[in-house]
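Here is structure_28.cif, consisting of mmCIF, C-alpha atoms and all ligand atoms:
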```
data_upload
loop_
_atom_site.label_atom_id
_atom_site.label_comp_id
_atom_site.auth_asym_id
_atom_site.auth_seq_id
_atom_site.Cartn_x
_atom_site.Cartn_y
_atom_site.Cartn_z
CA MET L 1 -13.00 -6.91 -11.33
CA THR L 2 -10.88 -6.35 -14.39
CA GLU L 3 -13.88 -4.93 -16.28
CA SER L 4 -13.85 -1.81 -14.13
CA PRO L 5 -13.02 1.35 -16.07
CA PHE L 6 -10.91 2.44 -13.10
CA ASN L 7 -8.57 -0.50 -13.38
CA VAL L 8 -6.63 1.06 -16.24
CA LEU L 9 -5.35 3.63 -13.75
CA SER L 10 -2.13 2.97 -11.95
CA LEU L 11 -2.09 2.05 -8.30
CA SER L 12 -0.77 4.48 -5.74
CA GLY L 13 1.25 1.80 -3.96
CA TRP L 14 0.75 3.66 -0.69
CA TYR L 15 2.66 1.68 1.91
CA PRO L 16 4.62 4.13 4.02
CA GLY L 17 7.56 3.04 6.13
CA HIS L 18 5.69 3.40 9.40
CA MET L 19 3.31 0.63 8.29
CA LEU L 20 6.14 -1.73 7.54
CA LYS L 21 7.50 -1.02 11.01
CA ALA L 22 4.08 -1.35 12.61
CA GLY L 23 3.57 -4.72 10.91
CA ARG L 24 6.86 -5.97 12.33
CA ALA L 25 6.00 -4.68 15.79
CA MET L 26 2.68 -6.53 15.59
CA GLN L 27 4.42 -9.72 14.65
CA GLU L 28 6.82 -9.43 17.56
CA VAL L 29 4.14 -8.86 20.12
CA LEU L 30 1.88 -11.58 18.76
CA ARG L 31 3.36 -14.31 20.91
CA LEU L 32 2.25 -12.38 23.99
CA VAL L 33 -1.41 -12.22 23.05
CA ASP L 34 -4.16 -14.77 23.54
CA LEU L 35 -6.66 -13.49 21.01
CA VAL L 36 -6.62 -11.21 17.97
CA ILE L 37 -9.58 -9.05 17.01
CA GLU L 38 -9.30 -8.28 13.33
CA VAL L 39 -11.33 -5.17 12.58
CA VAL L 40 -12.59 -4.53 9.05
CA ASP L 41 -15.02 -2.02 7.57
CA ALA L 42 -18.51 -3.51 7.30
CA ARG L 43 -19.01 -1.67 3.99
CA ALA L 44 -16.09 -3.57 2.45
CA PRO L 45 -15.34 -6.64 4.56
CA ALA L 46 -13.16 -8.30 1.93
CA SER L 47 -11.34 -5.25 0.58
CA SER L 48 -10.53 -3.90 4.03
CA ARG L 49 -9.01 -7.15 5.21
CA ASN L 50 -5.25 -7.24 5.14
CA PRO L 51 -4.29 -10.54 3.44
CA ARG L 52 -0.98 -10.51 5.28
CA PHE L 53 -2.70 -10.91 8.62
CA ARG L 54 -3.80 -14.41 7.73
CA GLU L 55 -0.19 -15.60 7.37
CA MET L 56 0.88 -13.58 10.36
CA LEU L 57 -1.81 -14.83 12.69
CA GLN L 58 -1.30 -18.48 11.81
CA SER L 59 -2.91 -20.50 14.55
CA ARG L 60 -3.56 -17.58 16.86
CA PRO L 61 -7.31 -17.53 17.63
CA ALA L 62 -9.00 -14.61 15.94
CA VAL L 63 -12.33 -12.90 15.69
CA LEU L 64 -13.47 -10.86 12.72
CA LEU L 65 -15.23 -7.67 13.65
CA LEU L 66 -17.22 -5.88 10.96
CA ASN L 67 -17.28 -2.33 12.27
CA LYS L 68 -19.19 0.79 11.16
CA ALA L 69 -22.26 -1.36 10.66
CA ASP L 70 -24.31 1.83 10.92
CA LEU L 71 -22.90 2.96 7.56
CA ALA L 72 -23.35 -0.32 5.69
CA ASP L 73 -26.50 -1.67 4.05
CA PRO L 74 -27.91 -4.00 6.75
CA ARG L 75 -29.12 -6.58 4.20
CA VAL L 76 -25.69 -6.81 2.63
CA SER L 77 -24.05 -7.02 6.06
CA ARG L 78 -26.27 -9.95 7.01
CA ARG L 79 -25.20 -11.70 3.81
CA TRP L 80 -21.54 -11.03 4.63
CA GLN L 81 -21.99 -12.36 8.13
CA ALA L 82 -23.63 -15.56 6.87
CA TYR L 83 -21.01 -15.97 4.16
CA LEU L 84 -18.06 -15.53 6.54
CA GLU L 85 -19.57 -17.74 9.22
CA ALA L 86 -20.14 -20.46 6.66
CA ALA L 87 -16.41 -20.17 5.88
CA GLY L 88 -15.65 -20.89 9.54
CA GLU L 89 -15.02 -17.37 10.81
CA ARG L 90 -16.24 -15.96 14.12
CA VAL L 91 -17.97 -12.77 13.07
CA PHE L 92 -19.37 -9.79 14.94
CA LEU L 93 -21.20 -6.93 13.29
CA VAL L 94 -20.78 -3.81 15.43
CA GLU L 95 -20.79 -0.05 15.71
CA ALA L 96 -17.80 0.84 17.85
CA GLN L 97 -19.02 4.40 17.89
CA GLY L 98 -22.12 4.15 20.03
CA LEU L 99 -21.44 0.60 21.14
CA GLY L 100 -23.26 1.04 24.43
CA ASP L 101 -22.65 -1.73 26.90
CA PRO L 102 -19.58 -3.72 25.86
CA ALA L 103 -20.38 -6.57 28.27
CA ARG L 104 -21.53 -9.06 25.65
CA LEU L 105 -18.50 -8.53 23.43
CA LEU L 106 -16.14 -8.65 26.39
CA ALA L 107 -17.67 -11.89 27.64
CA SER L 108 -17.18 -13.61 24.32
CA TRP L 109 -13.61 -12.34 23.96
CA ARG L 110 -12.88 -13.50 27.47
CA GLN L 111 -14.18 -16.96 26.76
CA LEU L 112 -12.14 -17.30 23.58
CA ALA L 113 -8.98 -15.84 25.08
CA GLU L 114 -9.23 -18.04 28.15
CA ALA L 115 -9.71 -21.16 26.07
CA ALA L 116 -6.72 -20.22 23.94
CA ARG L 117 -4.54 -19.52 26.94
CA THR L 118 -5.45 -22.79 28.58
CA GLU L 119 -4.69 -24.64 25.37
CA ARG L 120 -1.26 -23.05 25.15
CA GLY L 121 -0.29 -24.41 28.53
CA ALA L 122 -1.67 -24.67 32.04
CA ARG L 123 1.45 -22.85 33.22
CA LEU L 124 0.20 -19.63 31.72
CA ALA L 125 -3.28 -19.95 33.09
CA ARG L 126 -4.37 -17.35 35.62
CA THR L 127 -0.89 -15.92 36.18
CA ARG L 128 -1.48 -12.80 34.12
CA PRO L 129 -4.34 -10.81 32.56
CA LEU L 130 -5.78 -12.00 29.27
CA ARG L 131 -4.26 -10.16 26.34
CA VAL L 132 -6.22 -9.18 23.25
CA MET L 133 -4.73 -7.51 20.20
CA ILE L 134 -6.88 -5.24 18.03
CA ALA L 135 -5.57 -5.17 14.46
CA GLY L 136 -6.71 -3.95 11.08
CA VAL L 137 -6.14 -1.57 8.19
CA PRO L 138 -6.14 2.18 8.96
CA ASN L 139 -9.27 4.04 10.04
CA VAL L 140 -11.58 1.05 10.58
CA GLY L 141 -12.24 2.07 14.20
CA LYS L 142 -9.73 0.06 16.26
CA SER L 143 -9.03 2.87 18.73
CA THR L 144 -12.71 3.81 18.92
CA LEU L 145 -13.46 0.21 19.81
CA ILE L 146 -10.83 0.22 22.54
CA ASN L 147 -12.27 3.40 24.01
CA ALA L 148 -15.73 1.88 23.97
CA MET L 149 -14.52 -1.28 25.67
CA SER L 150 -12.51 0.58 28.28
CA ALA L 151 -15.22 3.15 29.05
CA GLY L 152 -12.77 5.97 28.58
CA ARG L 153 -11.06 7.92 25.87
CA ARG L 154 -7.58 6.58 26.28
CA ALA L 155 -6.73 5.91 22.68
CA GLN L 156 -6.53 8.70 20.15
CA VAL L 157 -9.09 8.52 17.34
CA GLY L 158 -9.69 10.57 14.20
CA PRO L 159 -11.40 10.53 10.82
CA LYS L 160 -8.14 9.99 8.93
CA PRO L 161 -5.96 6.94 8.39
CA GLY L 162 -2.77 6.75 10.41
CA VAL L 163 -3.94 8.26 13.69
CA THR L 164 -2.46 5.54 15.90
CA ARG L 165 1.28 5.38 15.42
CA GLN L 166 2.42 2.92 18.08
CA ASN L 167 1.28 -0.15 19.91
CA GLN L 168 -0.48 0.87 23.09
CA TRP L 169 -1.74 -1.35 25.89
CA VAL L 170 -4.96 -0.40 27.63
CA THR L 171 -5.77 -2.24 30.83
CA LEU L 172 -9.39 -3.03 31.54
CA ARG L 173 -10.81 -3.48 34.98
CA GLU L 174 -11.86 -7.00 34.13
CA ASP L 175 -8.39 -8.53 34.22
CA MET L 176 -7.86 -8.02 30.52
CA GLU L 177 -5.43 -5.98 28.47
CA LEU L 178 -6.21 -4.66 25.01
CA LEU L 179 -3.49 -3.76 22.54
CA ASP L 180 -4.24 -0.91 20.15
CA THR L 181 -2.11 -1.15 17.01
CA PRO L 182 -1.52 1.24 14.10
CA GLY L 183 -3.48 0.53 10.92
CA VAL L 184 -1.46 -1.55 8.49
CA LEU L 185 -1.92 -1.94 4.75
CA TRP L 186 0.09 -4.22 2.51
CA PRO L 187 2.48 -3.43 -0.33
CA LYS L 188 0.48 -4.68 -3.31
CA ILE L 189 -3.22 -4.06 -3.65
CA ALA L 190 -4.66 -6.12 -6.49
CA ASP L 191 -6.45 -3.53 -8.60
CA LYS L 192 -7.49 0.10 -8.72
CA GLU L 193 -11.09 -0.50 -7.71
CA HIS L 194 -9.87 -2.30 -4.63
CA GLU L 195 -7.68 0.67 -3.79
CA LEU L 196 -10.58 3.04 -4.41
CA ARG L 197 -12.89 1.05 -2.13
CA LEU L 198 -10.28 1.31 0.61
CA ALA L 199 -9.88 5.01 -0.01
CA LEU L 200 -13.62 5.67 -0.03
CA ALA L 201 -13.84 3.96 3.33
CA GLY L 202 -11.06 6.28 4.53
CA CYS L 203 -8.34 3.64 4.86
CA ILE L 204 -6.02 5.40 2.41
CA ARG L 205 -5.34 9.11 2.56
CA ASP L 206 -7.43 11.17 0.14
CA GLU L 207 -4.38 13.07 -1.10
CA VAL L 208 -2.77 9.82 -2.20
CA ILE L 209 -5.64 9.02 -4.55
CA GLY L 210 -6.84 12.50 -5.47
CA ILE L 211 -10.07 13.90 -4.16
CA GLU L 212 -11.75 14.25 -7.55
CA LEU L 213 -11.03 10.72 -8.64
CA LEU L 214 -12.49 9.55 -5.34
CA ALA L 215 -15.62 11.61 -5.84
CA GLU L 216 -15.96 10.18 -9.34
CA PHE L 217 -15.69 6.69 -7.89
CA LEU L 218 -18.33 7.65 -5.33
CA TRP L 219 -20.66 8.69 -8.17
CA VAL L 220 -20.08 5.28 -9.83
CA VAL L 221 -20.71 3.45 -6.55
CA LEU L 222 -23.94 5.36 -5.97
CA SER L 223 -25.04 4.72 -9.55
CA ARG L 224 -24.59 0.99 -9.03
CA GLN L 225 -26.84 0.90 -5.97
CA PRO L 226 -30.30 -0.48 -6.59
CA GLU L 227 -31.78 2.23 -4.34
CA ALA L 228 -29.60 5.31 -4.20
CA SER L 229 -32.47 7.77 -4.30
CA ALA L 230 -31.60 9.18 -0.87
CA ALA L 231 -28.24 10.21 -2.22
CA TRP L 232 -29.58 11.83 -5.36
CA SER L 233 -32.41 13.67 -3.64
CA ARG L 234 -29.94 15.14 -1.18
CA TYR L 235 -28.45 17.01 -4.12
CA GLY L 236 -31.80 17.97 -5.59
CA LEU L 237 -31.68 15.30 -8.28
CA GLU L 238 -34.61 13.08 -9.17
CA ALA L 239 -32.59 10.27 -10.68
CA ALA L 240 -29.00 9.13 -11.11
CA PRO L 241 -27.02 11.76 -12.99
CA THR L 242 -25.63 10.28 -16.19
CA THR L 243 -22.23 11.94 -15.96
CA TYR L 244 -19.83 12.83 -13.18
CA ALA L 245 -19.98 16.44 -14.37
CA ASP L 246 -23.75 16.49 -13.74
CA PHE L 247 -23.24 14.92 -10.34
CA ILE L 248 -20.61 17.34 -9.12
CA ALA L 249 -22.52 20.31 -10.53
CA ALA L 250 -25.54 19.24 -8.46
CA VAL L 251 -23.38 18.88 -5.35
CA ALA L 252 -21.90 22.34 -5.96
CA ARG L 253 -25.33 23.88 -6.41
CA ARG L 254 -26.71 22.35 -3.24
CA ARG L 255 -23.66 23.17 -1.17
CA GLY L 256 -23.28 26.74 -2.39
CA LEU L 257 -19.98 25.95 -4.08
CA LEU L 258 -20.57 27.80 -7.32
CA GLN L 259 -18.01 30.51 -7.88
CA ALA L 260 -18.49 33.79 -9.70
CA GLY L 261 -19.74 33.22 -13.23
CA GLY L 262 -21.26 29.87 -12.24
CA ARG L 263 -17.94 28.03 -12.18
CA ILE L 264 -17.84 24.97 -9.98
CA ASP L 265 -15.34 24.68 -7.16
CA HIS L 266 -14.51 21.09 -8.08
CA GLU L 267 -12.24 20.28 -5.22
CA ARG L 268 -14.51 21.57 -2.48
CA SER L 269 -17.55 19.95 -4.08
CA ALA L 270 -15.76 16.61 -4.25
CA THR L 271 -14.71 16.98 -0.62
CA ALA L 272 -18.29 17.79 0.42
CA ALA L 273 -19.71 14.74 -1.37
CA LEU L 274 -17.13 12.44 0.22
CA LYS L 275 -17.88 13.86 3.64
CA ASP L 276 -21.60 13.29 3.11
CA PHE L 277 -20.94 9.68 2.15
CA ARG L 278 -18.57 9.00 5.04
CA GLU L 279 -20.90 10.50 7.59
CA GLY L 280 -23.81 8.40 6.36
CA ARG L 281 -25.84 11.25 4.89
CA LEU L 282 -26.22 9.49 1.52
CA GLY L 283 -27.77 6.41 3.11
CA ARG L 284 -26.36 3.08 4.27
CA ILE L 285 -24.20 1.94 1.41
CA SER L 286 -22.07 -1.18 1.11
CA LEU L 287 -19.17 -1.14 -1.31
CA GLU L 288 -19.12 -4.85 -2.07
CA VAL L 289 -21.28 -7.96 -1.74
CA PRO L 290 -20.10 -11.48 -0.90
CA PRO L 291 -19.35 -13.82 -3.79
CA GLU L 292 -22.20 -16.03 -4.95
CA ARG L 293 -22.35 -19.31 -3.15
CA ARG L 294 -22.09 -22.53 -5.10
CA ALA L 295 -25.17 -24.78 -5.08
CA ASP L 296 -23.44 -27.41 -2.95
CA GLU L 297 -22.44 -24.96 -0.23
CA VAL L 298 -24.23 -24.38 3.05
CA PRO L 299 -27.34 -22.31 2.39
CA GLU L 300 -27.71 -18.87 3.89
CA LYS L 301 -29.92 -18.53 6.93
CA ALA L 302 -33.19 -16.71 6.33
CA ASP L 303 -33.08 -13.07 7.31
CA ALA L 304 -33.80 -12.66 11.00
N1 LIG Y 401 -20.01 5.80 11.66
C1 LIG Y 401 -19.10 5.20 12.42
N2 LIG Y 401 -17.87 5.75 12.56
C2 LIG Y 401 -16.98 5.12 13.32
C3 LIG Y 401 -17.26 3.89 13.97
N3 LIG Y 401 -16.15 3.50 14.65
C4 LIG Y 401 -15.22 4.43 14.42
N4 LIG Y 401 -15.70 5.42 13.64
C5 LIG Y 401 -15.00 6.62 13.16
O1 LIG Y 401 -13.95 6.19 12.29
C6 LIG Y 401 -12.83 7.07 12.39
C7 LIG Y 401 -11.57 6.27 12.65
O2 LIG Y 401 -11.62 5.74 13.95
P1 LIG Y 401 -10.30 5.28 14.73
O3 LIG Y 401 -10.78 4.59 15.96
O4 LIG Y 401 -9.35 6.41 14.86
O5 LIG Y 401 -9.74 4.22 13.69
P2 LIG Y 401 -8.39 3.36 13.80
O6 LIG Y 401 -8.70 2.02 13.20
O7 LIG Y 401 -7.88 3.37 15.18
O8 LIG Y 401 -7.46 4.17 12.81
P3 LIG Y 401 -5.81 4.23 12.74
O9 LIG Y 401 -5.32 4.48 14.12
O10 LIG Y 401 -5.60 5.37 11.81
O11 LIG Y 401 -5.39 2.93 12.17
C8 LIG Y 401 -13.17 8.06 13.51
O12 LIG Y 401 -13.63 9.26 12.90
C9 LIG Y 401 -14.28 7.38 14.27
O13 LIG Y 401 -15.13 8.29 14.90
C10 LIG Y 401 -18.57 3.32 13.81
O14 LIG Y 401 -18.93 2.26 14.32
N5 LIG Y 401 -19.43 4.03 13.00
MG MG Y 402 -6.12 4.06 15.92
#
```
Could you show the structure in this file as structure tokens?
Amino acid sequence: MTESPFNVLSLSGWYPGHMLKAGRAMQEVLRLVDLVIEVVDARAPASSRNPRFREMLQSRPAVLLLNKADLADPRVSRRWQAYLEAAGERVFLVEAQGLGDPARLLASWRQLAEAARTERGARLARTRPLRVMIAGVPNVGKSTLINAMSAGRRAQVGPKPGVTRQNQWVTLREDMELLDTPGVLWPKIADKEHELRLALAGCIRDEVIGIELLAEFLWVVLSRQPEASAAWSRYGLEAAPTTYADFIAAVARRRGLLQAGGRIDHERSATAALKDFREGRLGRISLEVPPERRADEVPEKADA
């Protein structure tokens, strides 16, 4: 996306030491696990996928879980699911928060993990619980998923990246162990828009990017949506504001963030808009769509 006006900005290069360590720890423990659940954000399934995992996982069986489906545009998510499945991935679209009964997910994980364990050697079979690693970039809902699967709040969760700092095993009743891992990014993100998509989804700390730049990116994202009227009307606007200044002024007005003399509290207004987006109050918005399929590729299934 080199045409993006944001791509002239320099990248933050946010890759703190604890992520490097966490990546190594994941690699070490990998030989102990039967199945890897790679969690990504359903609003940005490509951008929130750590490219390093592919090399790291090698032949280890893996499942791709598109989480926070409640925040993503369902039509776009169905396209992503079809696109990824056509590429040979096993894909689940879920809401870890409010998952309800995890039985169906657990049954499919069990089946895959058992098959993998059997394939690795009969010796291993049935001598120990199945082991499933949950991996992904920060803040995609790995720990929330583990809590939902284990019917308890054993893993710490929070609306910021970097909540989980260490590998943590959680034993399920059903003869299965889940490994919660810290969110891991990679050292070189390709372009600024990619970094901004990650940040908007909460995978990179706001302070690293700058709250106002993020809010400006949000305004651009909303402006690109074919139907963003829910977002605009929330701020008392009838149509897309043509400038960021108009957007943030409307947010400030609606949120009571005008200071004496009518000055806008820019930082708090930007924070409020981001919070609205992240909590789904601006509608279900996807940050990217799958690439167009070539004519000779498998056609998409009709919408169910
Ligand atoms: N809307 C919505 N929010 C979710 C969902 N799953 C998780 N969250 C929220 O996302 C935030 C991050 O969740 P965590 O489970 O801490 O994410 P994590 O991947 O473990 O994050 P790190 O430990 O920082 O890598 C929390 O505020 C969760 O409540 C979901 O399905 N939908
Ligand atoms: Mg966590």
| request: Extract, using all atoms listed in the file, all DNA, RNA and protein residues at most 10 Å from Phe92 of chain L, discarding same-chain residues fewer than 6 positions from it, and format them as a list in words. | output: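 The neighbour list is Val39, Ala42, Val63, Leu64, Leu65, Leu66, Asn67, Ala69, Gln81, Glu85 and Leu105 of chain L.
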Pull the closest atom pair for each residue of chain L that gets at most 8 Å from ligand LIG 401 (chain Y), along with the distance in Å to one decimal, counting all atoms listed in the file, ordering rows by chain and then ascending residue number, as a tab-separated table.
```
residue	atom	partner	partner_atom	distance
L:Val39	CA	Y:LIG401	O6	7.7
L:Asn67	CA	Y:LIG401	O14	5.3
L:Lys68	CA	Y:LIG401	O14	3.5
L:Ala69	CA	Y:LIG401	O14	6.1
L:Asp70	CA	Y:LIG401	N5	5.7
L:Leu71	CA	Y:LIG401	N1	5.8
L:Val94	CA	Y:LIG401	O14	6.4
L:Glu95	CA	Y:LIG401	O14	3.3
L:Ala96	CA	Y:LIG401	O14	4.0
L:Gln97	CA	Y:LIG401	O14	4.2
L:Gly98	CA	Y:LIG401	O14	6.8
L:Leu99	CA	Y:LIG401	O14	7.5
L:Ala135	CA	Y:LIG401	O6	7.9
L:Gly136	CA	Y:LIG401	O6	6.6
L:Val137	CA	Y:LIG401	O11	6.1
L:Pro138	CA	Y:LIG401	O11	3.4
L:Asn139	CA	Y:LIG401	O8	3.3
L:Val140	CA	Y:LIG401	O6	4.0
L:Gly141	CA	Y:LIG401	O5	3.3
L:Lys142	CA	Y:LIG401	O6	3.8
L:Ser143	CA	Y:LIG401	O3	3.7
L:Thr144	CA	Y:LIG401	O3	3.6
L:Leu145	CA	Y:LIG401	O3	6.4
L:Ile146	CA	Y:LIG401	O3	7.9
L:Ala155	CA	Y:LIG401	O3	8.0
L:Gln156	CA	Y:LIG401	O4	6.4
L:Val157	CA	Y:LIG401	O4	3.3
L:Gly158	CA	Y:LIG401	O4	4.2
L:Pro159	CA	Y:LIG401	O12	3.3
L:Lys160	CA	Y:LIG401	O10	6.0
L:Pro161	CA	Y:LIG401	O10	3.8
L:Gly162	CA	Y:LIG401	O10	3.4
L:Val163	CA	Y:LIG401	O10	3.8
L:Thr164	CA	Y:LIG401	O9	3.5
L:Arg165	CA	Y:LIG401	O9	6.8
L:Asp180	CA	Y:LIG401	O7	7.5
L:Thr181	CA	Y:LIG401	O9	7.1
L:Pro182	CA	Y:LIG401	O11	4.6
L:Gly183	CA	Y:LIG401	O11	3.3
L:Val184	CA	Y:LIG401	O11	7.0
L:Cys203	CA	Y:LIG401	O10	7.7
L:Arg278	CA	Y:LIG401	N1	7.5
L:Glu279	CA	Y:LIG401	N1	6.3
L:Gly280	CA	Y:LIG401	N1	7.0
```
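Atom CA of Arg60 of chain L lies 13.9 Å from atom CA of Gly121 of chain L.
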| query | Taking only C-alpha atoms and all ligand atoms into account, which of L:Gly256, L:Gln168, L:Tyr15, L:Arg128 comes nearest ligand MG 402 (chain Y)? | reply | L:Gln168
| said: Under the rule that only C-alpha atoms are counted, which of L:Arg52, L:Arg120, L:Pro226, L:Trp80 is the nearest residue to Leu20 of chain L? | reply: L:Arg52
| Looking at L:Thr171, L:Asn147, L:Gln259, L:Ser108, which one is nearest to ligand MG 402 (chain Y), with distances taken over all atoms listed in the file? |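 Smallest separation from ligand MG 402 (chain Y) among the options: L:Asn147.
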| note | Expressed in Å, the length from atom CA of Met19 of chain L to atom CA of Glu195 of chain L is 16.3 Å
| said: I need the residue nearest Asp276 of chain L from this list: L:Ile204, L:Pro187, L:Val289, L:Ala230. Use only C-alpha atoms for the distance. | reply: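 Once distances to Asp276 of chain L are computed over only C-alpha atoms, the minimum belongs to L:Ala230.
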| Distance in Å - atom CA of Ala116 of chain L versus atom CA of Asp34 of chain L |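 Atom CA of Asp34 of chain L lies 6.0 Å from atom CA of Ala116 of chain L.
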| Restricting the calculation to all atoms listed in the file, which member of L:Leu179, L:Val76, L:Ala86, L:Leu198 is positioned closest to ligand MG 402 (chain Y)? |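 Looking at the shortest contact to ligand MG 402 (chain Y), the residue is L:Leu179.
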| field | Which residue of L:Ala115, L:Leu11, L:Ile134, L:Ala228 approaches Gly283 of chain L most closely, using only C-alpha atoms | value |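 For Gly283 of chain L, the nearest of the given residues is L:Ala228.
Residue neighbourhood of Leu222 of chain L, excluding near-sequence residues (fewer than 5 positions): Leu200, Ala215, Glu216, Phe217, Glu227, Ala228, Ser229, Ala230, Ala231, Trp232, Ala239, Ala240, Pro241, Thr242, Tyr244, Phe247, Ala273, Leu274, Phe277, Leu282, Gly283, Arg284, Ile285, Ser286, Leu287 and Glu288 of chain L, at 12 Å, using all atoms listed in the file.
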